[in-house]
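Reproduced below: my_file11.txt, with compact mmCIF, N, CA and C atoms.
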```
# COMPACT_ATOMS: atom_id res chain seq x y z
N MET A 1 -20.21 6.03 -25.11
CA MET A 1 -19.40 6.62 -24.07
C MET A 1 -18.26 5.67 -23.71
N SER A 2 -17.06 6.16 -23.70
CA SER A 2 -15.88 5.34 -23.42
C SER A 2 -15.73 5.10 -21.92
N THR A 3 -15.28 3.89 -21.58
CA THR A 3 -14.99 3.59 -20.18
C THR A 3 -13.52 3.79 -19.87
N THR A 4 -12.74 4.11 -20.89
CA THR A 4 -11.32 4.34 -20.69
C THR A 4 -11.12 5.72 -20.08
N PRO A 5 -10.37 5.79 -18.95
CA PRO A 5 -10.15 7.11 -18.34
C PRO A 5 -9.37 8.02 -19.27
N ASP A 6 -9.69 9.27 -19.25
CA ASP A 6 -8.99 10.27 -20.03
C ASP A 6 -7.65 10.55 -19.36
N PRO A 7 -6.52 10.22 -20.04
CA PRO A 7 -5.21 10.41 -19.40
C PRO A 7 -4.88 11.86 -19.10
N THR A 8 -5.60 12.79 -19.71
CA THR A 8 -5.34 14.20 -19.44
C THR A 8 -6.26 14.75 -18.36
N ALA A 9 -7.15 13.91 -17.83
CA ALA A 9 -8.15 14.37 -16.87
C ALA A 9 -7.51 14.99 -15.63
N GLU A 10 -6.57 14.31 -15.03
CA GLU A 10 -5.93 14.82 -13.83
C GLU A 10 -4.46 14.44 -13.82
N PRO A 11 -3.67 15.04 -14.72
CA PRO A 11 -2.27 14.65 -14.79
C PRO A 11 -1.52 14.92 -13.48
N GLU A 12 -1.94 15.95 -12.74
CA GLU A 12 -1.27 16.24 -11.47
C GLU A 12 -1.47 15.10 -10.48
N ALA A 13 -2.68 14.56 -10.43
CA ALA A 13 -2.97 13.46 -9.50
C ALA A 13 -2.16 12.23 -9.87
N PHE A 14 -2.01 11.95 -11.16
CA PHE A 14 -1.23 10.79 -11.57
C PHE A 14 0.24 10.99 -11.23
N THR A 15 0.78 12.16 -11.51
CA THR A 15 2.18 12.46 -11.19
C THR A 15 2.41 12.41 -9.68
N ARG A 16 1.55 13.07 -8.93
CA ARG A 16 1.64 13.08 -7.47
C ARG A 16 1.52 11.66 -6.93
N GLY A 17 0.58 10.89 -7.47
CA GLY A 17 0.37 9.52 -7.03
C GLY A 17 1.56 8.63 -7.33
N THR A 18 2.16 8.80 -8.50
CA THR A 18 3.33 8.01 -8.86
C THR A 18 4.49 8.29 -7.91
N GLU A 19 4.72 9.56 -7.61
CA GLU A 19 5.80 9.93 -6.70
C GLU A 19 5.55 9.38 -5.30
N LEU A 20 4.34 9.52 -4.82
CA LEU A 20 4.00 9.05 -3.48
C LEU A 20 4.06 7.53 -3.41
N ARG A 21 3.55 6.87 -4.42
CA ARG A 21 3.57 5.41 -4.47
C ARG A 21 5.01 4.90 -4.43
N ARG A 22 5.90 5.54 -5.19
CA ARG A 22 7.32 5.14 -5.18
C ARG A 22 7.94 5.38 -3.80
N ALA A 23 7.61 6.50 -3.18
CA ALA A 23 8.18 6.82 -1.87
C ALA A 23 7.75 5.82 -0.81
N VAL A 24 6.50 5.39 -0.86
CA VAL A 24 5.97 4.49 0.16
C VAL A 24 6.30 3.03 -0.14
N LEU A 25 6.01 2.59 -1.35
CA LEU A 25 6.14 1.17 -1.68
C LEU A 25 7.49 0.81 -2.28
N GLY A 26 8.22 1.80 -2.71
CA GLY A 26 9.52 1.55 -3.33
C GLY A 26 9.42 1.54 -4.84
N ALA A 27 10.46 2.07 -5.47
CA ALA A 27 10.48 2.16 -6.93
C ALA A 27 10.39 0.78 -7.57
N ARG A 28 11.02 -0.19 -6.96
CA ARG A 28 11.02 -1.55 -7.51
C ARG A 28 9.60 -2.09 -7.67
N HIS A 29 8.79 -1.93 -6.64
CA HIS A 29 7.41 -2.41 -6.71
C HIS A 29 6.64 -1.68 -7.80
N VAL A 30 6.77 -0.37 -7.85
CA VAL A 30 6.03 0.42 -8.83
C VAL A 30 6.46 0.05 -10.25
N GLU A 31 7.75 -0.10 -10.47
CA GLU A 31 8.25 -0.45 -11.80
C GLU A 31 7.73 -1.82 -12.24
N ARG A 32 7.60 -2.76 -11.30
CA ARG A 32 7.07 -4.09 -11.65
C ARG A 32 5.62 -4.02 -12.08
N SER A 33 4.89 -3.02 -11.62
CA SER A 33 3.47 -2.92 -11.94
C SER A 33 3.20 -2.15 -13.23
N ILE A 34 4.25 -1.62 -13.84
CA ILE A 34 4.11 -0.82 -15.05
C ILE A 34 4.88 -1.49 -16.19
N VAL A 35 4.24 -1.62 -17.34
CA VAL A 35 4.91 -2.17 -18.53
C VAL A 35 5.68 -1.02 -19.18
N PRO A 36 7.01 -1.18 -19.31
CA PRO A 36 7.81 -0.09 -19.89
C PRO A 36 7.31 0.31 -21.28
N GLY A 37 7.19 1.61 -21.50
CA GLY A 37 6.79 2.14 -22.79
C GLY A 37 5.31 2.06 -23.09
N ALA A 38 4.53 1.48 -22.20
CA ALA A 38 3.09 1.34 -22.43
C ALA A 38 2.33 2.29 -21.52
N GLU A 39 1.15 2.64 -21.95
CA GLU A 39 0.26 3.43 -21.09
C GLU A 39 -0.17 2.55 -19.92
N PRO A 40 -0.32 3.12 -18.74
CA PRO A 40 -0.82 2.32 -17.62
C PRO A 40 -2.22 1.78 -17.93
N THR A 41 -2.51 0.60 -17.42
CA THR A 41 -3.85 0.05 -17.59
C THR A 41 -4.84 0.94 -16.83
N ASP A 42 -6.11 0.77 -17.14
CA ASP A 42 -7.14 1.54 -16.44
C ASP A 42 -7.02 1.34 -14.93
N LEU A 43 -6.82 0.09 -14.51
CA LEU A 43 -6.72 -0.21 -13.08
C LEU A 43 -5.52 0.50 -12.46
N GLN A 44 -4.35 0.41 -13.09
CA GLN A 44 -3.16 1.06 -12.55
C GLN A 44 -3.32 2.57 -12.51
N ARG A 45 -3.96 3.12 -13.53
CA ARG A 45 -4.19 4.58 -13.55
C ARG A 45 -5.10 4.98 -12.38
N LEU A 46 -6.18 4.23 -12.16
CA LEU A 46 -7.10 4.54 -11.06
C LEU A 46 -6.41 4.40 -9.70
N ILE A 47 -5.65 3.33 -9.54
CA ILE A 47 -4.91 3.12 -8.29
C ILE A 47 -3.98 4.31 -8.03
N THR A 48 -3.24 4.69 -9.07
CA THR A 48 -2.25 5.75 -8.91
C THR A 48 -2.90 7.12 -8.74
N GLU A 49 -3.87 7.45 -9.59
CA GLU A 49 -4.51 8.77 -9.51
C GLU A 49 -5.36 8.93 -8.26
N PHE A 50 -6.26 7.99 -8.05
CA PHE A 50 -7.20 8.16 -6.94
C PHE A 50 -6.60 7.67 -5.62
N GLY A 51 -6.16 6.42 -5.59
CA GLY A 51 -5.65 5.86 -4.34
C GLY A 51 -4.47 6.62 -3.79
N TRP A 52 -3.49 6.87 -4.66
CA TRP A 52 -2.26 7.52 -4.21
C TRP A 52 -2.28 9.03 -4.41
N GLY A 53 -2.67 9.48 -5.59
CA GLY A 53 -2.60 10.91 -5.90
C GLY A 53 -3.67 11.75 -5.24
N THR A 54 -4.77 11.11 -4.81
CA THR A 54 -5.85 11.84 -4.16
C THR A 54 -5.97 11.46 -2.69
N VAL A 55 -6.21 10.18 -2.39
CA VAL A 55 -6.46 9.76 -1.00
C VAL A 55 -5.19 9.81 -0.15
N TRP A 56 -4.12 9.14 -0.58
CA TRP A 56 -2.89 9.14 0.21
C TRP A 56 -2.27 10.53 0.30
N ALA A 57 -2.54 11.40 -0.65
CA ALA A 57 -1.95 12.74 -0.67
C ALA A 57 -2.74 13.75 0.18
N ARG A 58 -3.87 13.33 0.72
CA ARG A 58 -4.68 14.26 1.52
C ARG A 58 -3.95 14.67 2.81
N PRO A 59 -4.21 15.90 3.27
CA PRO A 59 -3.68 16.28 4.58
C PRO A 59 -4.52 15.60 5.67
N GLY A 60 -4.05 15.62 6.87
CA GLY A 60 -4.85 15.10 7.98
C GLY A 60 -4.24 13.89 8.66
N LEU A 61 -3.57 13.05 7.90
CA LEU A 61 -2.84 11.92 8.47
C LEU A 61 -1.46 11.88 7.83
N ALA A 62 -0.47 11.59 8.64
CA ALA A 62 0.88 11.40 8.12
C ALA A 62 0.95 10.04 7.42
N ARG A 63 1.95 9.86 6.59
CA ARG A 63 2.11 8.58 5.89
C ARG A 63 2.16 7.41 6.85
N ARG A 64 2.83 7.58 7.96
CA ARG A 64 2.96 6.52 8.95
C ARG A 64 1.58 6.08 9.45
N GLU A 65 0.73 7.04 9.77
CA GLU A 65 -0.61 6.73 10.26
C GLU A 65 -1.47 6.11 9.16
N ARG A 66 -1.30 6.58 7.94
CA ARG A 66 -2.03 5.97 6.81
C ARG A 66 -1.60 4.52 6.63
N SER A 67 -0.31 4.26 6.82
CA SER A 67 0.16 2.88 6.71
C SER A 67 -0.46 1.99 7.78
N ILE A 68 -0.52 2.48 9.01
CA ILE A 68 -1.13 1.70 10.09
C ILE A 68 -2.59 1.41 9.77
N ALA A 69 -3.32 2.42 9.30
CA ALA A 69 -4.73 2.21 8.94
C ALA A 69 -4.86 1.21 7.80
N THR A 70 -4.01 1.34 6.80
CA THR A 70 -4.08 0.44 5.64
C THR A 70 -3.76 -0.99 6.03
N VAL A 71 -2.70 -1.18 6.80
CA VAL A 71 -2.34 -2.53 7.26
C VAL A 71 -3.50 -3.13 8.06
N SER A 72 -4.10 -2.35 8.92
CA SER A 72 -5.22 -2.84 9.73
C SER A 72 -6.38 -3.31 8.85
N MET A 73 -6.71 -2.51 7.85
CA MET A 73 -7.83 -2.88 6.96
C MET A 73 -7.50 -4.11 6.14
N LEU A 74 -6.26 -4.23 5.68
CA LEU A 74 -5.89 -5.39 4.88
C LEU A 74 -5.87 -6.67 5.71
N ILE A 75 -5.52 -6.55 7.00
CA ILE A 75 -5.63 -7.71 7.89
C ILE A 75 -7.09 -8.12 7.99
N ALA A 76 -7.97 -7.15 8.23
CA ALA A 76 -9.40 -7.43 8.38
C ALA A 76 -10.00 -8.02 7.12
N LEU A 77 -9.55 -7.57 5.97
CA LEU A 77 -10.09 -8.04 4.69
C LEU A 77 -9.43 -9.33 4.20
N ASN A 78 -8.38 -9.77 4.91
CA ASN A 78 -7.64 -10.98 4.53
C ASN A 78 -7.13 -10.87 3.09
N ARG A 79 -6.33 -9.86 2.86
CA ARG A 79 -5.74 -9.62 1.54
C ARG A 79 -4.22 -9.75 1.66
N PRO A 80 -3.68 -10.98 1.72
CA PRO A 80 -2.25 -11.18 2.00
C PRO A 80 -1.30 -10.55 0.98
N HIS A 81 -1.66 -10.54 -0.29
CA HIS A 81 -0.76 -9.96 -1.29
C HIS A 81 -0.60 -8.45 -1.05
N GLU A 82 -1.71 -7.75 -0.92
CA GLU A 82 -1.64 -6.31 -0.65
C GLU A 82 -1.07 -6.04 0.73
N LEU A 83 -1.34 -6.92 1.69
CA LEU A 83 -0.79 -6.75 3.04
C LEU A 83 0.73 -6.77 2.98
N ARG A 84 1.30 -7.71 2.25
CA ARG A 84 2.76 -7.80 2.12
C ARG A 84 3.32 -6.47 1.58
N ILE A 85 2.70 -5.96 0.55
CA ILE A 85 3.16 -4.70 -0.06
C ILE A 85 3.08 -3.55 0.94
N HIS A 86 1.97 -3.47 1.67
CA HIS A 86 1.77 -2.35 2.58
C HIS A 86 2.51 -2.52 3.91
N LEU A 87 2.87 -3.74 4.27
CA LEU A 87 3.76 -3.92 5.42
C LEU A 87 5.13 -3.35 5.10
N ARG A 88 5.61 -3.59 3.89
CA ARG A 88 6.88 -2.97 3.46
C ARG A 88 6.75 -1.45 3.49
N GLY A 89 5.61 -0.96 3.00
CA GLY A 89 5.38 0.48 3.01
C GLY A 89 5.36 1.04 4.42
N ALA A 90 4.76 0.31 5.36
CA ALA A 90 4.72 0.76 6.76
C ALA A 90 6.13 0.88 7.32
N LEU A 91 6.97 -0.09 7.01
CA LEU A 91 8.37 -0.02 7.46
C LEU A 91 9.06 1.18 6.80
N ASN A 92 8.83 1.37 5.52
CA ASN A 92 9.41 2.52 4.82
C ASN A 92 8.92 3.85 5.39
N ASN A 93 7.70 3.85 5.92
CA ASN A 93 7.11 5.07 6.49
C ASN A 93 7.43 5.26 7.96
N GLY A 94 8.32 4.45 8.51
CA GLY A 94 8.78 4.68 9.87
C GLY A 94 8.17 3.83 10.95
N CYS A 95 7.27 2.92 10.61
CA CYS A 95 6.74 2.01 11.63
C CYS A 95 7.83 1.01 12.00
N THR A 96 7.94 0.71 13.27
CA THR A 96 8.92 -0.28 13.70
C THR A 96 8.30 -1.67 13.63
N PRO A 97 9.13 -2.72 13.55
CA PRO A 97 8.58 -4.07 13.60
C PRO A 97 7.73 -4.31 14.85
N ALA A 98 8.16 -3.76 15.99
CA ALA A 98 7.38 -3.94 17.23
C ALA A 98 6.00 -3.28 17.11
N GLU A 99 5.93 -2.11 16.50
CA GLU A 99 4.63 -1.44 16.32
C GLU A 99 3.73 -2.23 15.38
N ILE A 100 4.30 -2.76 14.32
CA ILE A 100 3.49 -3.56 13.38
C ILE A 100 2.99 -4.83 14.06
N ARG A 101 3.84 -5.45 14.87
CA ARG A 101 3.39 -6.64 15.61
C ARG A 101 2.24 -6.27 16.55
N GLU A 102 2.30 -5.09 17.13
CA GLU A 102 1.21 -4.64 18.01
C GLU A 102 -0.08 -4.40 17.23
N VAL A 103 0.03 -3.89 16.02
CA VAL A 103 -1.15 -3.73 15.16
C VAL A 103 -1.77 -5.11 14.88
N ILE A 104 -0.93 -6.10 14.63
CA ILE A 104 -1.42 -7.46 14.38
C ILE A 104 -2.13 -8.01 15.61
N VAL A 105 -1.54 -7.82 16.78
CA VAL A 105 -2.18 -8.27 18.03
C VAL A 105 -3.50 -7.53 18.24
N HIS A 106 -3.49 -6.24 17.96
CA HIS A 106 -4.70 -5.42 18.15
C HIS A 106 -5.84 -5.89 17.24
N ALA A 107 -5.51 -6.53 16.14
CA ALA A 107 -6.53 -7.03 15.21
C ALA A 107 -7.27 -8.25 15.76
N ILE A 108 -6.70 -8.95 16.73
CA ILE A 108 -7.28 -10.21 17.20
C ILE A 108 -8.74 -10.08 17.64
N PRO A 109 -9.10 -9.15 18.54
CA PRO A 109 -10.50 -9.12 18.97
C PRO A 109 -11.47 -8.69 17.87
N TYR A 110 -10.98 -8.04 16.84
CA TYR A 110 -11.84 -7.54 15.76
C TYR A 110 -11.88 -8.47 14.56
N CYS A 111 -10.77 -9.15 14.29
CA CYS A 111 -10.65 -9.96 13.07
C CYS A 111 -10.49 -11.45 13.36
N GLY A 112 -10.10 -11.79 14.58
CA GLY A 112 -9.92 -13.18 14.95
C GLY A 112 -8.47 -13.63 14.89
N PHE A 113 -8.22 -14.73 15.59
CA PHE A 113 -6.87 -15.29 15.62
C PHE A 113 -6.38 -15.72 14.23
N PRO A 114 -7.23 -16.37 13.41
CA PRO A 114 -6.73 -16.78 12.09
C PRO A 114 -6.20 -15.61 11.26
N ALA A 115 -6.88 -14.48 11.31
CA ALA A 115 -6.41 -13.31 10.55
C ALA A 115 -5.08 -12.81 11.10
N ALA A 116 -4.94 -12.79 12.42
CA ALA A 116 -3.69 -12.34 13.03
C ALA A 116 -2.55 -13.31 12.73
N ILE A 117 -2.84 -14.59 12.76
CA ILE A 117 -1.81 -15.60 12.46
C ILE A 117 -1.34 -15.43 11.02
N ASP A 118 -2.30 -15.28 10.10
CA ASP A 118 -1.92 -15.09 8.69
C ASP A 118 -1.14 -13.79 8.50
N ALA A 119 -1.57 -12.72 9.15
CA ALA A 119 -0.87 -11.44 9.03
C ALA A 119 0.55 -11.55 9.58
N ASN A 120 0.70 -12.24 10.69
CA ASN A 120 2.02 -12.42 11.28
C ASN A 120 2.92 -13.23 10.34
N ARG A 121 2.36 -14.24 9.72
CA ARG A 121 3.12 -15.06 8.77
C ARG A 121 3.61 -14.19 7.61
N VAL A 122 2.74 -13.36 7.08
CA VAL A 122 3.12 -12.46 5.99
C VAL A 122 4.19 -11.49 6.46
N PHE A 123 4.03 -10.94 7.66
CA PHE A 123 5.00 -9.98 8.18
C PHE A 123 6.37 -10.61 8.38
N GLU A 124 6.41 -11.80 8.92
CA GLU A 124 7.70 -12.48 9.11
C GLU A 124 8.39 -12.72 7.77
N ALA A 125 7.62 -13.04 6.74
CA ALA A 125 8.19 -13.21 5.40
C ALA A 125 8.76 -11.89 4.88
N VAL A 126 8.06 -10.79 5.14
CA VAL A 126 8.55 -9.47 4.73
C VAL A 126 9.87 -9.16 5.43
N LEU A 127 9.94 -9.44 6.72
CA LEU A 127 11.18 -9.17 7.45
C LEU A 127 12.32 -10.06 6.96
N ALA A 128 12.02 -11.30 6.63
CA ALA A 128 13.05 -12.22 6.13
C ALA A 128 13.55 -11.78 4.76
N ASP A 129 12.66 -11.24 3.96
CA ASP A 129 12.95 -10.71 2.63
C ASP A 129 13.91 -9.54 2.68
N ASP A 130 13.65 -8.66 3.63
CA ASP A 130 14.41 -7.42 3.81
C ASP A 130 14.36 -6.53 2.57
N GLU A 131 13.33 -6.70 1.72
CA GLU A 131 13.19 -5.89 0.51
C GLU A 131 12.74 -4.47 0.81
N HIS A 132 12.20 -4.25 2.00
CA HIS A 132 11.67 -2.93 2.33
C HIS A 132 12.75 -1.88 2.51
N VAL A 133 13.97 -2.30 2.69
CA VAL A 133 15.06 -1.35 2.95
C VAL A 133 15.52 -0.69 1.67
```

I'd like the structure from this file rewritten - as structure tokens, please.
Amino acid sequence: MSTTPDPTAEPEAFTRGTELRRAVLGARHVERSIVPGAEPTDLQRLITEFGWGTVWARPGLARRERSIATVSMLIALNRPHELRIHLRGALNNGCTPAEIREVIVHAIPYCGFPAAIDANRVFEAVLADDEHV
């Protein structure tokens, strides 16, 4: 039995996920994660099909609210690389810098000061970068 996902299994989810991922994270980020002319890796296919094409595409929460939830979880999990990416996405989805700072403050009683300090450091770097625009 092969562990390689069948690329024809859910082409709609992959297409939907690719479009949504580009809209939220920016085409530049998505293009950097894909090798031109090559099939996506199993991991990239799963991220795009399931994470973006299925979960992020669900009704019930707007992209802005999904971004707030995602940023909150990444702060709690101490995942600075993914946090940087999703902070840009939150800005692209309409969150203001003041709202994101409030999410970071709100994390303090649940995640601790070190997590909030690290998240703030990552956020300030994102703002200095200005790549989210």

Item to check | Shell around Thr18 in chain A at 7 Å using only C-alpha atoms, local window under 4 positions removed, as number ranges by chain | outcome: A: 14, 22, 48

Next on the checklist: Could you check the closest approach to Thr54 in chain A for each of A:Arg28, A:Arg84, A:Arg101, A:Arg16 and tell me which residue wins, using all atoms listed in the file?
Outcome noted: A:Arg16

Checklist outcome for this item: Correct to one decimal, the distance CA of Ala76 in chain A-CA of Ala115 in chain A is 6.9 Å

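The nearest approach to Ile104 in chain A among the residues A:Val71, A:Leu91, A:Leu77, A:Ala125, with all atoms listed in the file taken into account, belongs to A:Val71.
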
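Distances from A:Ile47, A:Val122, A:Val103, A:Val55 to Asn78 in chain A were compared using only C-alpha atoms, and the smallest one belongs to A:Val122.
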
Checklist entry - Nearest to Gly94 in chain A: which of A:His106, A:Arg45, A:Arg64, A:Arg58 is it, counting all atoms listed in the file? => result A:Arg64

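Of note, CA of Leu83 in chain A and CA of Glu124 in chain A are spaced 11.9 Å apart.
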
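We find CA of Glu39 in chain A and CA of Gly89 in chain A to be spaced 24.8 Å apart.
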
Checklist entry - Got a sec: who's within 5 Å of Gly53 in chain A, counting all atoms listed in the file, leaving out chain neighbours fewer than 3 positions off, as a VMD selection string? => result chain A and resid 13 16 to 17 48 to 50 57

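Compared by their closest atoms to His81 in chain A, and using only C-alpha atoms, the residues A:Ile117, A:Cys95, A:Ala62, A:Val126 rank with A:Val126 nearest.
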
Which centre and edge lengths in Å to one decimal define the box along x, y and z that fits every listed atom of range 57-73 of chain A plus 6 Å per side, as AutoDock Vina command-line options?
```
--center_x -2.4 --center_y 6.1 --center_z 4.8 --size_x 22.8 --size_y 32.4 --size_z 22.9
```

Next on the checklist: Going by DSSP on the backbone, which residues of chain A come out as helix (DSSP H, G or I)? List them as a PyMOL selection string.
Outcome noted: chain A and resi 11-25+27-32+42-56+63-77+80-92+97-111+113-129
